[in-house]
Amino acid sequence: MLTIKNLHVKLEDEDKQILKGVDLTVEAGRVHAIMGPNGSGKSTLSYVLSGRDGYTVTDGSATLEGEDLLAMEAEERAAAGLFLAFQYPVEIPGVGNMTFLRTALNAQRKTRGEDEISAGDFLKLVREKAKALKIDADMLKRPVNVGFSGGEKKRNEILQMAMLEPKMCILDETDSGLDVDAMKLVADGVNALRDSGRGFLVITHYQRLLDHIAPDVVHIMADGRIVKTGGPELALEVEKNGYADILAEVA
Amino acid sequence: MAVAQTKLDLTETRISALAMPQSKGWAQTARAEALARLRAMGLPARRDEYWRYTDPSSLTQAAAPRAALHVDDEAPIFGEIDRLRIVFVDGVFDPAQSDDLALTHVTIERLSDVMAKDLHWAREHYGVLEAAGQSPVARPLAALNTAFASDGVVIRATGIVEKPISLVYLHNDSASDAMVHHVVRVESGASLTLLENGPAAARFNNVTEISLADDGDFHHIRTQGRDHERRAATHIFARLGARSQYKSFTLTGNGVLTRNEHVITLSGDDASAHVAGAALGDGAQGAFHHDDTVFITHDAERCESRQVFKKVLRNGAVGVFQGKILVKPGAQKTDGYQISQSLLLDEDSVFLAKPELEIYADDVSCSHGSTTGAIDETALFYLRARGVPRDVATDLLVLAFIDEAIAEIADERLSADIRNRLELWLGRRRQG
Ligand SMILES: Nc1ncnc2c1ncn2[C@@H]1O[C@H](COP(=O)(O)OP(=O)(O)O)[C@@H](O)[C@H]1O
Ligand SMILES: [Mg+2]
């Protein structure tokens, strides 16, 4: 599904190398987790994959189902099936959440050469998905993320993911700022989307979320590289001993 | 201060190119007095403080610069709204294209008919509100209009008028120079909505004097565009009685030069005035210069005023905002608010703002703010990451930016009409 090879990334405006050779393959139907200390480059990886400006790829490649992601505009990557649940979802005053969802869904369909969804079908779909995430009508009407609590913002990300049905989902610290109940809702939302055709890359600082979204593979990222890869037990090890041991071991 | 000779010359040249419509009695007096006012102040020139950001020369020169006719292939604006249409072609009332001027709770008369009468209520208003609005800042183009206006309507609402009165300005002559003057009176407890749209003329000078009696209610929604070469100077002079409500919104899309002045006096306690505007300018389709000049005077207690102006500028377009709140002695508990913001879509465009507060009462709450900014890149990326193409995402953010001004329109059918029009314009420009 997602294949990253030897990815080197620096800041566009600064001579600062952030990713220093990332290799990673996420297969369809599998959940990979990336853990790592703050500042190790996890968010940068997610931004570079989704096409944010401000970064320069100096080496390596990233493909989605064989297609060169790095050659596409951000919106083309989304239409191709890539989705990033943001660590810090963006507030957009003046744009209603519903308008946002409908515009996004129809834009992706249009790019793929499909028909727009009818107003009726869209409404039905949103209501159904929103209900599962306990997102009420008021939250759907309000401007995108404006005045939402941390938990509401994260649930709104999952709602977008559920509506857009991407092939490859990247979740960047979706657990941060969530209480136990919200975490459960988010995890249920993610688990409902798990299927054999879809890949997940779950970025998290803590093991907590992985109790609810069981990963197949766990990677440890440090200083711009994947330094260790293992099974779910690797997350438990981090939980118990922190990163220090692992980092010392690979140093 | 004596008026400079060059200004006097400019003024006389302009006047000599015009013919004052034949009037008698009070109307003749009103015109003659306006002409005297004009001569005493002279037409505006670039050096004038009030015209620092906008060059008035094409508005004051004797002949109107030509403006190519705009072929409008869009569905008419306000087309779906049940309204009473009054059509002007190059500033001349056209009865054939207009609806019958009959509607309950309102009388509508042609200015020339009113001026021919010995006695008419409009006598207390025509040129009177304009004259009052000449101080403390001179507005010579409005005096010029009072003296020479050749057409217009005089409207008096005596109850709740159930459908809007819609002034439609058609443009048929690429050299037309139109001066139109309207008078509106809303009586106590009455309510009226006035719509205006259309290119009007190559050069359009429009004055509207509006008087709201106590408990009167007036809504004004206007669109200017999409004719690229039009020049317009409009003045609205409004006087608000106690507990009356005034709400105005203007949408401007394109036009070489537009100067919209609002001069509003809250003269009865507990009155409220909201003035809003949104302008979209693209310098690539010809020059774009848009100037909103607003002067709100609080002269009674517990009045509220609100100014919300938004401009979206690209390709060298220029936006100007001059907005003043004057709170007179004794106008206690005044609540005044003013915001002017521009969204610059490139580095060639310019926004010039001069917000002013002048307060002579001690128990008031007034605030103003002005901002200039670019598109929010973070929001843009968020939208793109959800699959929305850059140009569509930009337009969504443009609409969001403008929405605070559109939200000032009370009638949802009308605000929906304006929003749809904006989306249409933005969509057209995306498709090139
Ligand atoms: N736009 C940027 N400007 C400056 N520094 C940046 C920028 N983006 C990332 N960095 C730096 O790159 C490193 C990795 O950051 P990030 O990818 O956010 O890490 P993580 O998500 O693992 O905490 C940090 O040192 C961070 O300060
Ligand atoms: Mg991060």
# chains A, B, ... in the order shown; residues from 1 in each chain; ligands from 1
$ select_by_dssp --residues "region 174-421 of chain B" --states "strand (DSSP E or B)" --output "MDAnalysis selection string"
chainID B and resid 177:186 191:197 203:212 217:224 231:240 245:253 257:266 272:282 289:298 304:314 318:327 335:344 350:359 365:373
$ residues_around --residues "Leu171 (chain A)" --least-positions-apart "5" --cutoff "10 Å" --atoms "only C-alpha atoms" --output "list in words"
Ala33, Ile34, Ser43, Ser46, Phe83, Leu84, Ala85, Phe86, Gln87, Lys154, Glu157, Ile158, Met161, Val190, Phe200, Leu201, Val202, Ile203 and Thr204 of chain A
$ closest_atom_pairs --of "chain A" --to "chain B" --cutoff "6 Å" --atoms "only C-alpha atoms" --output "CSV"
residue,atom,partner,partner_atom,distance
A:Ala74,CA,B:Ala385,CA,5.5
A:Glu75,CA,B:Gly387,CA,4.0
A:Ala78,CA,B:Gly387,CA,4.8
A:Ala79,CA,B:Gly387,CA,5.6
A:Gly94,CA,B:Ala400,CA,4.1
A:Val95,CA,B:Ala400,CA,5.6
A:Ala104,CA,B:Val388,CA,5.3
A:Ala107,CA,B:Val388,CA,5.5
A:Gln108,CA,B:Gly387,CA,5.3
$ residues_near_ligand --ligand "ligand 1" --cutoff "12 Å" --atoms "only C-alpha atoms and all ligand atoms" --output "JSON, numbers by chain"
{"A": [9, 10, 11, 12, 13, 14, 15, 16, 17, 18, 19, 20, 34, 35, 36, 37, 38, 39, 40, 41, 42, 43, 44, 45, 46, 47, 48, 49, 52, 53, 54, 55, 56, 86, 87, 88, 171, 172, 173, 174, 176, 203, 204, 205, 220, 221, 222, 223, 224, 225, 226], "B": [378]}
$ residues_around --residues "Ile155 (chain B)" --least-positions-apart "2" --cutoff "6 Å" --atoms "only C-alpha atoms" --output "PyMOL selection string"
chain B and resi 107-108+184
$ residues_around --residues "region 10-15 of chain B" --least-positions-apart "2" --cutoff "7 Å" --atoms "only C-alpha atoms" --output "PyMOL selection string"
chain B and resi 6-8+17-18+42-43+60-62
$ atom_distance --atom1 "CA of Asn206 (chain B)" --atom2 "CA of Ser342 (chain B)"
25.6 Å
$ residues_around --residues "Asn97 (chain A)" --least-positions-apart "3" --cutoff "10 Å" --atoms "only C-alpha atoms" --output "ChimeraX atom specification"
/A:92-94,100-103,138-146,156,160
$ closest_residue --among "A:Asp175, A:Asn106, A:Gly51, A:Thr25" --to "ligand 2" --atoms "only C-alpha atoms and all ligand atoms"
A:Asp175
$ residues_around --residues "region 127-134 of chain A" --least-positions-apart "5" --cutoff "9 Å" --atoms "only C-alpha atoms" --output "number ranges by chain"
A: 122, 140, 155-156, 158-159, 162-163, 182, 185-186, 188-189
$ write_last_selection --atoms "C-alpha atoms" --output "short mmCIF file (atom, residue, chain, number, x, y, z; two decimals), in the first residue's frame"
data_model
loop_
_atom_site.label_atom_id
_atom_site.label_comp_id
_atom_site.auth_asym_id
_atom_site.auth_seq_id
_atom_site.Cartn_x
_atom_site.Cartn_y
_atom_site.Cartn_z
CA PHE A 122 -24.72 13.00 1.86
CA LEU A 140 -21.78 19.67 12.29
CA ARG A 155 -13.41 12.99 16.77
CA ASN A 156 -14.03 15.40 13.90
CA ILE A 158 -12.13 10.56 12.49
CA LEU A 159 -15.49 11.66 11.09
CA ALA A 162 -15.00 7.81 7.91
CA MET A 163 -16.69 9.99 5.28
CA ALA A 182 -13.07 10.00 23.81
CA LEU A 185 -14.83 6.57 20.58
CA VAL A 186 -11.86 7.38 18.39
CA ASP A 188 -13.91 2.39 17.74
CA GLY A 189 -14.09 4.75 14.78
#
$ residues_around --residues "Leu59 (chain B)" --least-positions-apart "6" --cutoff "9 Å" --atoms "only C-alpha atoms" --output "ChimeraX atom specification"
/B:44,65,141,203-205,231-233,257
$ select_by_dssp --residues "region 174-229 of chain A" --states "helix (DSSP H, G or I)" --output "ChimeraX atom specification"
/A:180-193,208-212
